[in-house]
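These notes are about the structure you will find just below.
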Amino acid sequence: MSGSNHISRRDFMKLTTGAIGGFIAAVIGIPSIAYLISPALREDKAGKPVSVANLENVPVGKPYPFSFTVTRVNGWERTSTAYGGFILRRSADPADVLVLSSRCTHLSCRVNWNDEAAGFVCPCHDAMFDIEGKVLYGPPPEPLGHFEHEIDGEGNVIITPVEIKEG
Amino acid sequence: MRALWQKLYGWLDERIGFDDFYKNLLDRPEPRGNWWNTLGSASLFLFIMQVLTGIFLTVYYNPSPDHAYESILYIMNDVQFGWLVRGIHHWGASLMVLVVFIHMLRTFVTASYKYPRELTWLVGIGLLLITIGMGFTGYLLPWHQMAYWATTVGTAIAGSVPFLGDFILQALRGGPDLSALTLQRFYAAHIWILPLLLGGLIGFHLFLIIKHGESHWPDKED
């Protein structure tokens, strides 16, 4: 049969076995993988804006810590997760405000403001950020993230609870 | 590429001996084919399918009275293909009891339990009982009204044994009434104790079948 256009019986069997096998593998494999990774495919909706402090209470030139919780429905349960950050008034001007996240950009530990060192110190791997969130030393690959914020008529600092990475 | 594959296959074959497996498992002599002789393989297939879908269900199922039913609703409504995985497990369970039972009937009718296969038969009885036990323990896990009352009734039946009944009932329920303990111990039995017993006995059952070969279909001489 060599030289003719007909495929041999053996090749035909190989081809159809491969095709049917591939089809069966896909029918079993795709639902299996989709089932396992299903929660990761859900869109994470941005939470509602949260009021975290009033400017009256925030001193000028010193980071003011705040925290808030975001509640999400995970599977069959509502889970509240605490997030935190710092409000920095760089000057007396109410518009001159920076809202930093306290999540270390290395491996997500919470940084604390250290007055003596004049920087944010991460307790996990001894990293330090300056007052504007830039890395002074340690392993973090990038500066601290920040939150978009608005200040309403009464001086409340209202943030959008989605951390924005620098750079 | 092909040479590499052949080299790898040769290396493994030299150490594992695929030929022996092939001869003993797939190329062993069989009596003349009959569809009734395929029920054991069908049971094995159903067992493997129940194991795989069962493992997948444990990814989301939560065996606590507070969340068991909610976690199942989550599997059915929110997890992609969750309805399919649970559906296969649910219907496969009933089908497995049915197929294992018909397999037993076939063995009885063709008198395949006779020498030298008595032990295969006895192990098979154990397999049927454990399969029913799997059905009984799995039935409680959704923790809805039907499951709750079915298990109330089922354990009460076990409790009607003379003298030992009360002890058996408390041991099954983990106390005098159905509780979180009942759900938790049924879960442990359903995903660890009974499947391990079942898997081990299936291995022994298969070993005996391969050792003795399959019985021939009875004819006028028998």
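Each chain of the structure tokens is named A, B, ... in the order shown, its residues numbered from 1; ligands are numbered from 1 in display order.
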*Restrict the distance test to only C-alpha atoms, flag each residue of chain A within 12 Å of chain B, and return the flagged residues as a ChimeraX atom specification.*
/A:27-42,73-78
*Neighbour list for Asp130 in chain A as JSON, numbers by chain, cut-off 12 Å, only C-alpha atoms, skip fewer than 5 positions in-chain*: {"A": [62, 63, 88, 100, 111, 112, 113, 114, 115, 117, 118, 119, 120, 121, 122, 135, 136, 137, 138, 143, 144]}
*asked:* Write out as number ranges by chain the set of residues from chain A that DSSP, computed on the backbone, places in helix (DSSP H, G or I).
replied: A: 9-41, 55-57
Those same residues - N, CA, C and O atoms - I'd like them written as a compact mmCIF listing (two decimals), in the first residue's frame.
```txt
# COMPACT_ATOMS: atom_id res chain seq x y z
N ARG A 9 -4.45 0.69 7.73
CA ARG A 9 -5.37 0.34 8.81
C ARG A 9 -4.76 0.68 10.16
O ARG A 9 -5.41 1.25 11.04
N ARG A 10 -3.45 0.36 10.29
CA ARG A 10 -2.76 0.60 11.55
C ARG A 10 -2.73 2.09 11.89
O ARG A 10 -3.02 2.48 13.03
N ASP A 11 -2.40 2.91 10.88
CA ASP A 11 -2.34 4.35 11.12
C ASP A 11 -3.73 4.90 11.44
O ASP A 11 -3.88 5.78 12.29
N PHE A 12 -4.74 4.39 10.75
CA PHE A 12 -6.11 4.84 11.01
C PHE A 12 -6.50 4.54 12.46
O PHE A 12 -7.06 5.39 13.16
N MET A 13 -6.18 3.33 12.91
CA MET A 13 -6.51 2.95 14.28
C MET A 13 -5.78 3.84 15.28
O MET A 13 -6.35 4.30 16.27
N LYS A 14 -4.48 4.08 14.99
CA LYS A 14 -3.68 4.94 15.88
C LYS A 14 -4.31 6.32 15.98
O LYS A 14 -4.45 6.88 17.06
N LEU A 15 -4.69 6.85 14.82
CA LEU A 15 -5.21 8.21 14.75
C LEU A 15 -6.53 8.34 15.51
O LEU A 15 -6.71 9.25 16.33
N THR A 16 -7.45 7.39 15.24
CA THR A 16 -8.75 7.48 15.89
C THR A 16 -8.63 7.23 17.40
O THR A 16 -9.28 7.89 18.20
N THR A 17 -7.75 6.28 17.78
CA THR A 17 -7.56 6.03 19.21
C THR A 17 -7.04 7.29 19.89
O THR A 17 -7.52 7.70 20.95
N GLY A 18 -6.07 7.94 19.25
CA GLY A 18 -5.51 9.17 19.79
C GLY A 18 -6.57 10.25 19.91
O GLY A 18 -6.67 10.93 20.94
N ALA A 19 -7.39 10.40 18.85
CA ALA A 19 -8.39 11.46 18.84
C ALA A 19 -9.46 11.21 19.91
O ALA A 19 -9.81 12.12 20.67
N ILE A 20 -9.94 9.99 19.99
CA ILE A 20 -10.97 9.68 20.98
C ILE A 20 -10.39 9.79 22.39
O ILE A 20 -11.02 10.35 23.29
N GLY A 21 -9.15 9.31 22.55
CA GLY A 21 -8.49 9.42 23.85
C GLY A 21 -8.32 10.86 24.27
O GLY A 21 -8.57 11.23 25.41
N GLY A 22 -7.92 11.69 23.32
CA GLY A 22 -7.76 13.12 23.60
C GLY A 22 -9.08 13.76 23.98
O GLY A 22 -9.14 14.56 24.93
N PHE A 23 -10.15 13.38 23.30
CA PHE A 23 -11.47 13.92 23.59
C PHE A 23 -11.90 13.54 25.01
O PHE A 23 -12.37 14.38 25.78
N ILE A 24 -11.70 12.25 25.34
CA ILE A 24 -12.08 11.79 26.69
C ILE A 24 -11.26 12.53 27.75
O ILE A 24 -11.79 12.99 28.77
N ALA A 25 -9.95 12.68 27.48
CA ALA A 25 -9.09 13.38 28.44
C ALA A 25 -9.57 14.81 28.65
O ALA A 25 -9.59 15.30 29.78
N ALA A 26 -10.01 15.46 27.57
CA ALA A 26 -10.49 16.84 27.69
C ALA A 26 -11.80 16.90 28.47
O ALA A 26 -11.99 17.76 29.33
N VAL A 27 -12.71 15.95 28.17
CA VAL A 27 -14.02 15.95 28.85
C VAL A 27 -13.85 15.73 30.35
O VAL A 27 -14.57 16.30 31.17
N ILE A 28 -12.86 14.90 30.73
CA ILE A 28 -12.63 14.68 32.16
C ILE A 28 -11.75 15.79 32.74
O ILE A 28 -11.99 16.29 33.83
N GLY A 29 -10.73 16.16 31.99
CA GLY A 29 -9.73 17.09 32.52
C GLY A 29 -10.23 18.50 32.72
O GLY A 29 -9.98 19.10 33.76
N ILE A 30 -10.97 19.04 31.73
CA ILE A 30 -11.37 20.45 31.83
C ILE A 30 -12.31 20.68 33.02
O ILE A 30 -12.06 21.58 33.82
N PRO A 31 -13.39 19.88 33.18
CA PRO A 31 -14.23 20.09 34.38
C PRO A 31 -13.46 19.90 35.68
O PRO A 31 -13.69 20.62 36.65
N SER A 32 -12.52 18.94 35.70
CA SER A 32 -11.76 18.70 36.94
C SER A 32 -10.97 19.94 37.34
O SER A 32 -11.00 20.37 38.49
N ILE A 33 -10.27 20.50 36.38
CA ILE A 33 -9.43 21.66 36.69
C ILE A 33 -10.31 22.86 37.03
O ILE A 33 -10.06 23.58 38.00
N ALA A 34 -11.40 23.04 36.24
CA ALA A 34 -12.30 24.17 36.51
C ALA A 34 -12.88 24.07 37.91
O ALA A 34 -12.98 25.05 38.64
N TYR A 35 -13.24 22.84 38.32
CA TYR A 35 -13.81 22.61 39.65
C TYR A 35 -12.82 23.04 40.73
O TYR A 35 -13.18 23.72 41.69
N LEU A 36 -11.55 22.65 40.57
CA LEU A 36 -10.56 22.92 41.61
C LEU A 36 -10.21 24.40 41.70
O LEU A 36 -10.01 24.93 42.79
N ILE A 37 -10.12 25.08 40.55
CA ILE A 37 -9.66 26.47 40.60
C ILE A 37 -10.82 27.46 40.63
O ILE A 37 -10.61 28.66 40.65
N SER A 38 -12.06 26.92 40.67
CA SER A 38 -13.26 27.77 40.60
C SER A 38 -13.21 29.03 41.48
O SER A 38 -13.50 30.12 41.00
N PRO A 39 -12.87 28.94 42.79
CA PRO A 39 -12.90 30.15 43.62
C PRO A 39 -11.90 31.21 43.16
O PRO A 39 -12.11 32.40 43.39
N ALA A 40 -10.81 30.77 42.51
CA ALA A 40 -9.80 31.73 42.08
C ALA A 40 -10.26 32.52 40.85
O ALA A 40 -9.70 33.55 40.53
N LEU A 41 -11.28 32.00 40.17
CA LEU A 41 -11.74 32.66 38.94
C LEU A 41 -12.77 33.74 39.21
O LEU A 41 -13.16 34.48 38.31
N LEU A 55 -9.76 64.38 59.80
CA LEU A 55 -8.51 65.13 59.72
C LEU A 55 -8.18 65.88 61.01
O LEU A 55 -7.02 66.10 61.34
N GLU A 56 -9.24 66.28 61.76
CA GLU A 56 -9.04 66.96 63.04
C GLU A 56 -8.11 66.18 63.95
O GLU A 56 -7.32 66.74 64.71
N ASN A 57 -8.21 64.86 63.91
CA ASN A 57 -7.45 64.01 64.82
C ASN A 57 -6.06 63.67 64.30
O ASN A 57 -5.28 63.04 65.00
```
*CA of Leu196 in chain B to CA of Ile48 in chain B: how many Å, to one decimal?*
12.4 Å
